[in-house]
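The next block is model_29.csv, given as CSV, C-alpha atoms.
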```
chain,number,residue,atom,x,y,z
C,811,PRO,CA,10.1,5.6,-89.9
C,812,ALA,CA,13.4,6.5,-91.6
C,813,PRO,CA,16.3,7.8,-89.5
C,814,GLY,CA,15.4,11.1,-87.9
C,815,GLU,CA,11.6,10.8,-88.3
C,816,LYS,CA,9.3,10.8,-85.4
C,817,PRO,CA,7.8,7.6,-83.8
C,818,ILE,CA,4.3,6.6,-85.0
C,819,PRO,CA,1.7,7.1,-82.3
C,820,GLY,CA,0.2,3.9,-80.9
C,821,ILE,CA,3.3,1.8,-81.8
C,822,GLU,CA,5.6,0.5,-79.0
C,823,TYR,CA,9.3,0.8,-79.6
C,824,GLU,CA,12.1,-1.0,-77.8
C,825,GLU,CA,15.6,0.4,-77.3
C,826,ILE,CA,17.9,-2.4,-78.5
C,827,PHE,CA,21.3,-0.7,-77.9
C,828,GLY,CA,22.7,2.8,-77.3
C,829,TYR,CA,21.3,3.4,-73.8
C,830,LYS,CA,24.4,5.3,-72.6
C,831,ARG,CA,24.5,7.4,-75.8
C,832,HIS,CA,20.8,8.1,-75.4
C,833,GLN,CA,21.2,9.3,-71.8
C,834,ALA,CA,24.3,11.4,-72.7
C,835,ALA,CA,22.4,13.1,-75.5
C,836,LEU,CA,19.4,13.8,-73.3
C,837,ARG,CA,21.7,15.5,-70.7
C,838,ALA,CA,23.4,17.5,-73.5
C,839,GLN,CA,20.0,18.7,-74.9
C,840,ARG,CA,18.1,19.4,-71.8
C,841,ALA,CA,15.9,22.0,-73.5
C,842,GLU,CA,14.7,19.8,-76.4
C,843,LYS,CA,14.7,16.4,-74.7
C,844,GLN,CA,14.8,14.9,-78.2
C,845,VAL,CA,17.4,12.6,-79.7
C,846,LEU,CA,17.8,11.4,-83.2
C,847,CYS,CA,17.6,7.6,-83.5
C,848,VAL,CA,17.2,4.8,-86.1
C,849,PHE,CA,13.9,2.9,-86.3
C,850,GLU,CA,14.0,-0.6,-87.8
C,851,ASP,CA,11.4,-3.3,-87.9
C,852,LEU,CA,13.2,-6.3,-86.5
C,853,SER,CA,12.1,-9.7,-85.2
C,854,ASP,CA,13.1,-10.7,-81.6
C,855,GLU,CA,15.9,-12.9,-83.1
C,856,GLU,CA,17.2,-10.2,-85.3
C,857,ALA,CA,17.1,-7.6,-82.5
C,858,HIS,CA,19.0,-10.0,-80.2
C,859,THR,CA,21.7,-10.7,-82.9
C,860,ARG,CA,22.2,-7.0,-83.5
C,861,MET,CA,22.4,-6.3,-79.7
C,862,VAL,CA,25.0,-9.0,-79.2
C,863,LYS,CA,27.0,-7.8,-82.1
C,864,GLU,CA,26.9,-4.2,-80.9
C,865,ASN,CA,27.8,-5.1,-77.3
C,866,LYS,CA,30.7,-7.3,-78.4
C,867,SER,CA,32.2,-4.3,-80.3
C,868,ARG,CA,32.2,-2.2,-77.1
C,869,SER,CA,34.3,-2.3,-74.1
C,870,GLY,CA,33.2,-1.7,-70.5
C,871,LEU,CA,29.6,-2.7,-71.1
C,872,ALA,CA,27.6,-2.1,-67.8
C,873,ALA,CA,27.0,-5.2,-65.7
C,874,TRP,CA,23.3,-4.4,-65.5
C,875,SER,CA,23.2,-4.2,-69.3
C,876,LYS,CA,24.8,-7.6,-69.6
C,877,ALA,CA,22.3,-9.1,-67.1
C,878,MET,CA,19.3,-7.6,-68.9
C,879,SER,CA,20.6,-8.7,-72.3
C,880,TRP,CA,21.2,-12.3,-71.1
C,881,ASN,CA,17.9,-12.4,-69.3
C,882,ASN,CA,16.1,-11.2,-72.4
C,883,ALA,CA,17.8,-13.7,-74.6
C,884,LEU,CA,16.9,-16.6,-72.3
C,885,SER,CA,13.4,-15.5,-71.4
C,886,ASN,CA,12.4,-15.1,-75.1
C,887,LYS,CA,14.2,-18.3,-76.1
C,888,LEU,CA,16.5,-16.4,-78.4
C,889,SER,CA,19.5,-18.4,-77.2
C,890,THR,CA,20.5,-21.1,-74.8
C,891,LYS,CA,22.7,-20.5,-71.7
C,892,ALA,CA,25.4,-22.7,-73.3
C,893,LYS,CA,25.4,-20.6,-76.5
C,894,LEU,CA,25.3,-17.3,-74.6
C,895,ALA,CA,28.3,-18.4,-72.5
C,896,ALA,CA,30.2,-19.4,-75.7
C,897,ASP,CA,29.3,-16.2,-77.5
C,898,GLU,CA,30.2,-14.0,-74.6
C,899,GLY,CA,33.3,-15.9,-73.5
C,900,VAL,CA,32.1,-16.5,-70.0
C,901,GLU,CA,31.2,-19.5,-67.8
C,902,GLU,CA,27.5,-20.5,-67.5
C,903,GLU,CA,27.9,-19.9,-63.7
C,904,THR,CA,28.7,-16.3,-64.5
C,905,ILE,CA,25.5,-15.9,-66.4
C,906,ASP,CA,23.6,-17.4,-63.5
C,907,ALA,CA,25.2,-15.0,-61.0
C,908,TYR,CA,24.2,-12.0,-63.1
C,909,LEU,CA,20.6,-13.2,-63.5
C,910,ARG,CA,20.2,-13.8,-59.8
C,911,VAL,CA,20.8,-10.0,-59.3
C,912,LEU,CA,17.8,-9.3,-61.5
C,913,GLU,CA,15.5,-11.6,-59.5
C,914,ILE,CA,15.7,-9.7,-56.2
C,915,VAL,CA,16.3,-6.0,-56.9
C,916,PRO,CA,12.9,-4.4,-56.4
C,917,ASP,CA,11.3,-2.1,-59.0
C,918,ARG,CA,11.4,1.0,-56.7
C,919,ILE,CA,15.2,0.8,-56.6
C,920,ILE,CA,15.5,0.3,-60.3
C,921,LYS,CA,13.2,3.2,-60.9
C,922,HIS,CA,15.1,5.7,-58.7
C,923,ILE,CA,18.8,4.9,-59.3
C,924,ASP,CA,20.8,4.3,-62.5
C,925,MET,CA,21.6,0.6,-62.3
C,926,HIS,CA,24.0,0.9,-65.3
C,927,LYS,CA,26.4,2.9,-63.1
C,928,LEU,CA,27.0,0.0,-60.8
C,929,GLY,CA,29.8,-2.6,-61.1
C,930,ILE,CA,29.1,-6.2,-60.7
C,931,GLU,CA,30.7,-6.5,-57.3
C,932,ALA,CA,28.4,-3.6,-56.1
C,933,LEU,CA,25.4,-5.4,-57.6
C,934,PHE,CA,26.3,-8.7,-55.9
C,935,GLU,CA,26.6,-6.8,-52.5
C,936,LEU,CA,23.2,-5.1,-53.1
C,937,ARG,CA,21.7,-8.5,-53.8
C,938,SER,CA,23.3,-10.1,-50.7
C,939,ALA,CA,22.0,-7.3,-48.5
C,940,LEU,CA,18.5,-7.7,-49.9
C,941,LEU,CA,18.5,-11.4,-49.4
C,942,LYS,CA,19.7,-11.1,-45.8
C,943,LEU,CA,16.9,-8.6,-45.1
C,944,ASP,CA,14.2,-10.6,-46.9
C,945,ALA,CA,12.5,-11.9,-43.8
C,946,ASP,CA,12.3,-8.5,-42.2
C,947,THR,CA,10.0,-6.2,-44.2
C,948,GLU,CA,10.7,-3.1,-42.1
C,949,LYS,CA,14.4,-3.4,-42.3
C,950,GLN,CA,14.3,-4.2,-46.0
C,951,LYS,CA,12.2,-1.1,-46.7
C,952,ARG,CA,14.7,1.0,-44.7
C,953,TYR,CA,17.6,-0.4,-46.6
C,954,GLU,CA,15.8,0.3,-50.0
C,955,ASP,CA,15.2,3.9,-48.8
C,956,LEU,CA,18.9,4.3,-48.0
C,957,VAL,CA,19.8,3.0,-51.4
C,958,ILE,CA,17.4,5.4,-53.1
C,959,GLU,CA,18.7,8.3,-51.0
C,960,GLY,CA,22.2,7.4,-52.4
C,961,ALA,CA,21.1,7.9,-56.0
C,962,GLN,CA,23.6,10.7,-56.5
C,963,VAL,CA,26.4,8.5,-55.2
C,964,VAL,CA,25.4,5.9,-57.7
C,965,ALA,CA,25.2,8.5,-60.5
C,966,SER,CA,28.8,9.6,-59.7
C,967,ARG,CA,29.9,6.0,-59.9
C,968,LYS,CA,31.1,6.0,-56.3
C,969,ALA,CA,28.6,3.3,-55.1
C,970,THR,CA,31.1,0.5,-54.5
C,971,LYS,CA,30.6,-2.9,-52.8
C,972,ALA,CA,31.6,-1.2,-49.5
C,973,PHE,CA,28.9,1.5,-50.1
C,974,PHE,CA,26.1,-1.1,-50.1
C,975,ALA,CA,27.7,-3.0,-47.2
C,976,ASN,CA,27.8,0.1,-45.1
C,977,LEU,CA,24.2,0.8,-45.8
C,978,TYR,CA,23.4,-2.7,-44.6
C,979,GLU,CA,25.3,-2.2,-41.4
C,980,LYS,CA,23.2,1.0,-40.7
C,981,VAL,CA,20.1,-1.1,-41.0
C,982,SER,CA,21.3,-4.3,-39.3
C,983,PRO,CA,24.6,-3.6,-37.5
C,984,SER,CA,26.7,-6.6,-36.6
C,985,SER,CA,29.1,-4.8,-34.3
C,986,GLY,CA,27.1,-1.8,-33.1
C,987,THR,CA,29.3,0.6,-35.1
C,988,GLY,CA,26.9,1.0,-38.0
C,989,LYS,CA,29.8,0.8,-40.4
C,990,ALA,CA,31.2,-2.1,-42.3
C,991,ILE,CA,35.0,-2.8,-42.1
C,992,GLU,CA,36.6,-2.7,-45.5
C,993,PRO,CA,39.5,-4.9,-46.5
C,994,ARG,CA,42.9,-3.3,-46.0
C,995,THR,CA,46.1,-3.9,-47.9
C,996,LEU,CA,49.6,-2.8,-46.9
C,997,SER,CA,51.8,-2.3,-50.0
C,998,SER,CA,55.2,-1.2,-51.0
C,999,GLY,CA,55.1,0.5,-54.4
C,1000,ARG,CA,53.2,-1.9,-56.6
C,1001,ASN,CA,53.8,-4.9,-54.4
C,1002,LYS,CA,51.2,-6.1,-52.0
C,1003,LEU,CA,52.6,-7.0,-48.6
C,1004,VAL,CA,49.8,-7.9,-46.2
C,1005,THR,CA,46.0,-8.0,-46.7
C,1006,LEU,CA,43.5,-7.9,-43.8
C,1007,LYS,CA,40.1,-9.1,-44.8
C,1008,PRO,CA,37.1,-8.9,-42.4
C,1009,GLY,CA,34.8,-11.9,-41.9
C,1010,LYS,CA,31.7,-12.7,-39.8
C,1011,THR,CA,33.7,-13.8,-36.7
C,1012,GLY,CA,37.0,-11.9,-37.2
C,1013,TYR,CA,39.4,-11.3,-40.1
C,1014,THR,CA,42.0,-13.2,-42.1
C,1015,VAL,CA,45.5,-12.1,-42.7
C,1016,THR,CA,47.3,-12.8,-46.0
C,1017,VAL,CA,51.0,-12.3,-46.2
C,1018,HIS,CA,51.9,-11.9,-49.8
C,1019,ARG,CA,55.1,-13.1,-51.5
C,1020,THR,CA,57.2,-10.0,-51.1
C,1021,ALA,CA,56.5,-9.7,-47.4
C,1022,ALA,CA,57.0,-13.5,-46.9
C,1023,LYS,CA,60.4,-13.3,-48.4
C,1024,ALA,CA,61.4,-10.5,-46.0
C,1025,LEU,CA,59.6,-12.0,-43.0
C,1026,ASP,CA,59.5,-15.7,-42.3
C,1027,LEU,CA,56.7,-17.4,-40.4
C,1028,GLU,CA,58.4,-17.5,-37.0
C,1029,GLU,CA,59.2,-13.8,-37.2
C,1030,PHE,CA,55.6,-13.0,-38.2
C,1031,GLU,CA,54.2,-15.2,-35.3
C,1032,LYS,CA,56.5,-13.4,-32.9
C,1033,LEU,CA,55.3,-10.0,-34.0
C,1034,VAL,CA,51.6,-11.1,-33.6
C,1035,ALA,CA,52.3,-12.6,-30.2
C,1036,GLU,CA,54.0,-9.4,-29.0
C,1037,ALA,CA,51.1,-7.3,-30.2
C,1038,LEU,CA,48.6,-9.5,-28.4
C,1039,ASP,CA,50.7,-9.6,-25.3
C,1040,LYS,CA,50.6,-5.8,-25.1
C,1041,LYS,CA,46.8,-6.0,-25.2
C,1042,GLY,CA,46.8,-8.5,-22.4
C,1043,VAL,CA,46.1,-11.6,-24.5
C,1044,LYS,CA,48.6,-14.4,-23.6
C,1045,LEU,CA,49.3,-17.2,-26.1
C,1046,SER,CA,49.1,-20.7,-24.6
```
Can I see the file as structure tokens?
Amino acid sequence: PAPGEKPIPGIEYEEIFGYKRHQAALRAQRAEKQVLCVFEDLSDEEAHTRMVKENKSRSGLAAWSKAMSWNNALSNKLSTKAKLAADEGVEEETIDAYLRVLEIVPDRIIKHIDMHKLGIEALFELRSALLKLDADTEKQKRYEDLVIEGAQVVASRKATKAFFANLYEKVSPSSGTGKAIEPRTLSSGRNKLVTLKPGKTGYTVTVHRTAAKALDLEEFEKLVAEALDKKGVKLS
């Protein structure tokens, strides 16, 4: 059909690009639920070329969109991983990392939340949680339920890495608090001073350049020793 004409019944159509514009148009035309679009008869190779060209002209392409695009190109042998990496200006390892997210996120999550609203760090955290719960069907289902219940948080783009980590802690708490500890950074203006990053057995402390200039190692050690001493922990 020409631009503006209706789809022909019985023929399957694939949305090559314009997902965000499509969804925005649907929200703006809630009564009609119809959006003008352009239909073209393209081969898989032509469709992939057009999609890559369109995506490269845009900024802020969703991480999920990238993963789907790369997976489609590789699955249908439209490109190689090396060529994709060169075309996109990324490392092959980056493509592998994105594709691993697609391998584990279940359909019920994809169906109920807008995956395009998630940043790559949030997707990595979601994948990590699902992997850790893979051997426990009951906990994994509970985690998936919590993710789906957070659909509105995802829709508002507030579902960060910490959001998915906190959901995991509710299902499988490591400290009994039910809440993950987020990294903390002490700053002065635009300068980072100290970063506290939680780990599996404790946390690491990074003293950044500005703080290191003002506080040498011996002074920092003394402050830590005094703080521990007040808590009853003596240094040997």
Quick one: contact table of segment 875-939 of chain C to segment 947-951 of chain C, 12 Å max, nearest atom pair and distance in Å to one decimal per residue, counting all atoms listed in the file, chain and number order, as CSV?
```
residue,atom,partner,partner_atom,distance
C:Ile914,CA,C:Gln950,CA,11.7
C:Val915,CA,C:Gln950,CA,11.2
C:Pro916,CA,C:Lys951,CA,10.3
C:Arg918,CA,C:Lys951,CA,10.2
C:Ile919,CA,C:Lys951,CA,10.5
C:Leu936,CA,C:Gln950,CA,11.4
C:Arg937,CA,C:Gln950,CA,11.6
C:Ser938,CA,C:Gln950,CA,11.7
C:Ala939,CA,C:Gln950,CA,8.7
```
**Prompt:** Suppose you want the space between atom CA of Val1004 of chain C and atom CA of Pro983 of chain C; what is it in Å?
**Reply:** 27.0 Å
**Complete:** The distance between atom CA of Ala965 of chain C and atom CA of Phe934 of chain C is 17.8 Å
**Item:** For atom CA of Lys980 of chain C and atom CA of His926 of chain C, the interatomic separation in Å (one decimal)
**Value:** 24.6 Å
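For the choices C:Ala1024, C:Leu941, C:Ile920, C:Leu846, the atom-to-atom distance to Val957 of chain C is smallest for C:Ile920 when using all atoms listed in the file.
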**Item:** Nearest candidate to Ile905 of chain C (options C:Lys893, C:Lys921, C:Arg860, C:His832; using only C-alpha atoms)
**Value:**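 Counting only C-alpha atoms, the residue closest to Ile905 of chain C is C:Lys893.
Closest approach to Ala872 of chain C among C:Gly899, C:Ser853, C:Arg967, C:Ser885 is made by C:Arg967 (distances from only C-alpha atoms).
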Near Ile930 of chain C, counting only C-alpha atoms, which residues have an atom at most 8 Å away, once you skip same-chain residues fewer than 4 positions from it, shown as a PDB file with C-alpha atoms, in the coordinates of the input?
```
ATOM      1  CA  ALA C 873      27.000  -5.200 -65.700  1.00  0.00           C
ATOM      2  CA  TRP C 874      23.300  -4.400 -65.500  1.00  0.00           C
ATOM      3  CA  TYR C 908      24.200 -12.000 -63.100  1.00  0.00           C
ATOM      4  CA  PHE C 934      26.300  -8.700 -55.900  1.00  0.00           C
TER       5      PHE C 934
END
```
**Complete:** Judged by only C-alpha atoms, the minimum distance to Ile958 of chain C among C:Ser875, C:Glu1028, C:His922, C:Leu933 is found for C:His922
**Prompt:** Counting all atoms listed in the file, which of C:Asp1039, C:Phe1030, C:Pro993, C:Met925 gets nearest to Tyr1013 of chain C?
**Reply:**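 Of C:Asp1039, C:Phe1030, C:Pro993, C:Met925, the one nearest Tyr1013 of chain C, counting all atoms listed in the file, is C:Pro993.
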**Asked** Got a sec: who's within 9 Å of segment 879-881 of chain C, counting all atoms listed in the file, leaving out chain neighbours fewer than 2 positions off, as a list in words?
**Response**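 Using all atoms listed in the file, the neighbours found are His858, Met861, Val862, Trp874, Ser875, Lys876, Ala877, Ala883, Leu884, Ser885, Asn886, Ser889, Lys891, Leu894, Ile905, Tyr908, Leu909 and Leu912 of chain C.
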